[in-house]
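Everything on this sheet refers to the single structure shown next.
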Amino acid sequence: MSLLETDELYVEYKTQKGLTGREEIVRAVNGVNLDIRRGEVLSIAGESGCGKSTLAKAIMKLTEVKSGEIFFGGKNVITLKSKNELQDFYKKIQMIFQNPYSSLNPKMKIGQILSEPLEINTNYSKKEIERIVEEKISQVGLDKSALNLYPHEFSGGQRQRIAIARALVLEPELIIADEPVSALDVSIQAQIINLIKYLKDNFNLTFLFISHDLSVIRYISDRIAVMYLGEIVELGLTEEIFQNPKHPYTAALLSSVPQLNQENKITQIKLNGELPSPQNLPQGCKFHTRCPYAMDKCKTQVPEEKIFSDFHTCKCFLYP
Ligand code: SF4
C-alpha cells in the first residue's frame, strides 16, 4: 500500500532575471505522479535543476503547490492547516539535508538537538526522552558521550549521522533524504549510505532518496524515478532501470557513469545541447531538444505514459 502519493503535481515560483530584474516563472515540477510504498527506498534521479529538491520541498509543505494533490497516509497534505494537523504531519515525515554543517544548531549540544523534537512534539517524561536519544545515537553508530558535545566537535560524516539520528527520534514513517552524501568526502559517503541501508533494512523505514549519483542510487534503491525538467519520464525497479532503460534520457543518464564495453572502450551516449531552463520549457516532449531519436511529433505532442509492467513505465513516442 502507498504511504505517499502525488497526483498531477505542479510547482512553480517566480524569480528575477539577472541584471534586468524582470520577473520570470520557474516551472520546477510539472505533473508528477508518484507513489511511495511502505518499507521501500524510492530514489529520484536526474541532473541538477531537474526539480528533485523542489518536489521534496512540496511534499514537506515547504513550498507552495500550484495544482495537484499530495496524499500521505491517505490524508491530503495540501489542505493540512491546523496546528495539530501540521504537528502530526511533521512527526511522521522527516528530512535529512545535504549539508550537515548548516543543518545542526552550532549553539546546542547534540543531546539538546536530539531531545528538542521530542520535547516539542510528545508528552514523554525526561527519562523516556533520554532513553530514546541514547538509543538513536547508538543506532547511527555514535557513542553516548557524543550527546555532551557540540556540532563543531564532529567530522562531516559524524554530523550527518547526528542529523540522521535527529530525523529518527520521532520514529517517522517517511524520511526524505535530499542529496545526503554529496557534501561529504568520498571516503565517508559509503559509510553514510551503508547506515541508511542498515536503518531501512532493520527498522522497516521508508525513504524518498534524492541524488544525482547513480552508483549510490543503484546500491540503495528499490525503485527509481527518473526526472527531467520537472517530469517523471521513467519509473521502475532499480535493476530493471539499470539493465533495460526505456527512455532515451534514462539511457543517457546511465551511460554518463563510465563503463567499459566488450572492446574495453568507455561507452557514453552524448546528449545534444544543455538542459533547457525551467523558465523556458520546450513544447511537446521536454526532452526533444536533446534526444538523439527525436521525431517531428516529439516537438509538438506530449507523449503519454506507456506501461511495460506493474513496476515499469516510461513516457516516450518510441513505444507504441
Ligand atoms: Fe525522444 Fe521523442 Fe521519446 Fe521524447 S518522445 S524521448 S523526443 S523519442
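Lettering and numbering for the C-alpha cells are positional, with chains as A, B, ... in the shown order, residues counted from 1 in each chain, and ligands counted from 1 in the shown order.
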Q.
Using only C-alpha atoms, which protein or nucleic acid residues come within 12 Å of Ile210 in chain A? Drop anything in the same chain fewer than 3 positions from it, and give the result as a ChimeraX atom specification.
A. /A:41-48,50-57,95-98,175-182,207,213-214,216-218,220-221,223-227
Q.
Going by DSSP on the backbone, which residues of range 108-278 of chain A come out as helix (DSSP H, G or I)? List them as a PyMOL selection string.
A. chain A and resi 110-121+126-139+144-148+151-153+156-168+186-203+214-220+238-243+248-255
Residues just named, written with C-alpha atoms as a PDB file, in the first residue's frame:
```pdb
ATOM      1  CA  ILE A 110      23.935  17.072  20.480  1.00  0.00           C
ATOM      2  CA  GLY A 111      21.802  15.833  23.390  1.00  0.00           C
ATOM      3  CA  GLN A 112      19.695  19.013  23.196  1.00  0.00           C
ATOM      4  CA  ILE A 113      19.459  18.806  19.399  1.00  0.00           C
ATOM      5  CA  LEU A 114      18.065  15.273  19.621  1.00  0.00           C
ATOM      6  CA  SER A 115      15.803  15.964  22.626  1.00  0.00           C
ATOM      7  CA  GLU A 116      14.195  19.100  21.220  1.00  0.00           C
ATOM      8  CA  PRO A 117      11.787  17.425  18.714  1.00  0.00           C
ATOM      9  CA  LEU A 118      10.615  15.042  21.458  1.00  0.00           C
ATOM     10  CA  GLU A 119      10.074  17.878  23.954  1.00  0.00           C
ATOM     11  CA  ILE A 120       8.050  19.859  21.407  1.00  0.00           C
ATOM     12  CA  ASN A 121       6.024  17.032  19.888  1.00  0.00           C
ATOM     13  CA  LYS A 126      12.542  13.462  30.733  1.00  0.00           C
ATOM     14  CA  LYS A 127      13.729   9.927  31.445  1.00  0.00           C
ATOM     15  CA  GLU A 128      11.936   8.492  28.412  1.00  0.00           C
ATOM     16  CA  ILE A 129      13.367  11.235  26.186  1.00  0.00           C
ATOM     17  CA  GLU A 130      16.874  10.453  27.468  1.00  0.00           C
ATOM     18  CA  ARG A 131      16.334   6.773  26.699  1.00  0.00           C
ATOM     19  CA  ILE A 132      15.165   7.460  23.133  1.00  0.00           C
ATOM     20  CA  VAL A 133      18.010   9.903  22.461  1.00  0.00           C
ATOM     21  CA  GLU A 134      20.612   7.386  23.687  1.00  0.00           C
ATOM     22  CA  GLU A 135      19.002   4.638  21.595  1.00  0.00           C
ATOM     23  CA  LYS A 136      19.032   6.749  18.409  1.00  0.00           C
ATOM     24  CA  ILE A 137      22.604   7.992  18.810  1.00  0.00           C
ATOM     25  CA  SER A 138      23.757   4.423  19.165  1.00  0.00           C
ATOM     26  CA  GLN A 139      21.656   3.289  16.147  1.00  0.00           C
ATOM     27  CA  LYS A 144      26.626   8.176  24.131  1.00  0.00           C
ATOM     28  CA  SER A 145      29.421  10.604  25.031  1.00  0.00           C
ATOM     29  CA  ALA A 146      28.613  12.449  21.763  1.00  0.00           C
ATOM     30  CA  LEU A 147      25.483  13.829  23.441  1.00  0.00           C
ATOM     31  CA  ASN A 148      27.576  16.199  25.591  1.00  0.00           C
ATOM     32  CA  PRO A 151      28.354  20.002  16.367  1.00  0.00           C
ATOM     33  CA  HIS A 152      31.731  21.655  15.621  1.00  0.00           C
ATOM     34  CA  GLU A 153      33.463  18.874  17.557  1.00  0.00           C
ATOM     35  CA  GLY A 156      31.203  15.930   8.394  1.00  0.00           C
ATOM     36  CA  GLY A 157      30.296  12.240   8.357  1.00  0.00           C
ATOM     37  CA  GLN A 158      29.616  12.219  12.103  1.00  0.00           C
ATOM     38  CA  ARG A 159      27.438  15.318  11.765  1.00  0.00           C
ATOM     39  CA  GLN A 160      25.387  13.619   9.083  1.00  0.00           C
ATOM     40  CA  ARG A 161      24.974  10.633  11.457  1.00  0.00           C
ATOM     41  CA  ILE A 162      23.687  13.087  14.070  1.00  0.00           C
ATOM     42  CA  ALA A 163      21.300  14.641  11.527  1.00  0.00           C
ATOM     43  CA  ILE A 164      20.011  11.133  10.754  1.00  0.00           C
ATOM     44  CA  ALA A 165      19.567  10.421  14.487  1.00  0.00           C
ATOM     45  CA  ARG A 166      17.587  13.653  14.797  1.00  0.00           C
ATOM     46  CA  ALA A 167      15.370  12.546  11.906  1.00  0.00           C
ATOM     47  CA  LEU A 168      14.788   9.214  13.704  1.00  0.00           C
ATOM     48  CA  VAL A 186      34.059  10.320  -0.965  1.00  0.00           C
ATOM     49  CA  SER A 187      35.659   8.135   1.712  1.00  0.00           C
ATOM     50  CA  ILE A 188      32.812   8.957   4.127  1.00  0.00           C
ATOM     51  CA  GLN A 189      29.944   8.692   1.645  1.00  0.00           C
ATOM     52  CA  ALA A 190      29.884   4.880   1.672  1.00  0.00           C
ATOM     53  CA  GLN A 191      29.609   4.795   5.479  1.00  0.00           C
ATOM     54  CA  ILE A 192      26.545   7.051   5.464  1.00  0.00           C
ATOM     55  CA  ILE A 193      24.912   5.153   2.606  1.00  0.00           C
ATOM     56  CA  ASN A 194      25.516   1.871   4.453  1.00  0.00           C
ATOM     57  CA  LEU A 195      23.977   3.408   7.564  1.00  0.00           C
ATOM     58  CA  ILE A 196      20.831   4.444   5.664  1.00  0.00           C
ATOM     59  CA  LYS A 197      20.587   0.953   4.141  1.00  0.00           C
ATOM     60  CA  TYR A 198      21.031  -0.638   7.563  1.00  0.00           C
ATOM     61  CA  LEU A 199      18.280   1.555   9.041  1.00  0.00           C
ATOM     62  CA  LYS A 200      15.946   0.766   6.159  1.00  0.00           C
ATOM     63  CA  ASP A 201      16.561  -2.993   6.376  1.00  0.00           C
ATOM     64  CA  ASN A 202      16.399  -3.266  10.160  1.00  0.00           C
ATOM     65  CA  PHE A 203      13.694  -0.776  11.095  1.00  0.00           C
ATOM     66  CA  LEU A 214      23.667   6.865  -9.920  1.00  0.00           C
ATOM     67  CA  SER A 215      26.031   4.412  -8.257  1.00  0.00           C
ATOM     68  CA  VAL A 216      24.678   5.459  -4.863  1.00  0.00           C
ATOM     69  CA  ILE A 217      21.121   5.193  -6.177  1.00  0.00           C
ATOM     70  CA  ARG A 218      21.703   1.723  -7.584  1.00  0.00           C
ATOM     71  CA  TYR A 219      23.075   0.480  -4.282  1.00  0.00           C
ATOM     72  CA  ILE A 220      20.337   1.840  -2.051  1.00  0.00           C
ATOM     73  CA  THR A 238      16.189  -0.458  -9.796  1.00  0.00           C
ATOM     74  CA  GLU A 239      17.702  -3.365 -11.704  1.00  0.00           C
ATOM     75  CA  GLU A 240      15.102  -3.115 -14.476  1.00  0.00           C
ATOM     76  CA  ILE A 241      16.006   0.539 -14.988  1.00  0.00           C
ATOM     77  CA  PHE A 242      19.736  -0.197 -14.999  1.00  0.00           C
ATOM     78  CA  GLN A 243      19.517  -3.329 -17.177  1.00  0.00           C
ATOM     79  CA  PRO A 248      16.456   7.824 -24.104  1.00  0.00           C
ATOM     80  CA  TYR A 249      17.164  10.241 -21.247  1.00  0.00           C
ATOM     81  CA  THR A 250      17.481   7.375 -18.749  1.00  0.00           C
ATOM     82  CA  ALA A 251      19.841   5.588 -21.132  1.00  0.00           C
ATOM     83  CA  ALA A 252      21.953   8.721 -21.495  1.00  0.00           C
ATOM     84  CA  LEU A 253      21.988   9.345 -17.763  1.00  0.00           C
ATOM     85  CA  LEU A 254      23.093   5.772 -17.063  1.00  0.00           C
ATOM     86  CA  SER A 255      25.765   5.929 -19.714  1.00  0.00           C
TER      87      SER A 255
END
```
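The space separating CA of Glu64 in chain A from CA of Glu231 in chain A comes to 17.4 Å.
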Q | ligand 1 neighbours within 10 Å using only C-alpha atoms and all ligand atoms, as a count of residues only | A | 33
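Checking A:Leu4, A:Arg38, A:Tyr90, A:Lys109 one by one against Glu69 in chain A, counting only C-alpha atoms, you find the shortest gap at A:Leu4.
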Q. With only C-alpha atoms as the atoms that count, which of A:Asp222, A:Glu5, A:Asp310, A:Glu23 lies nearest to Gly39 in chain A?
A. A:Asp222
(Q) If I take CA of Glu173 in chain A and CA of Leu3 in chain A, how far is one from the other in Å, to one decimal? (A) 8.2 Å
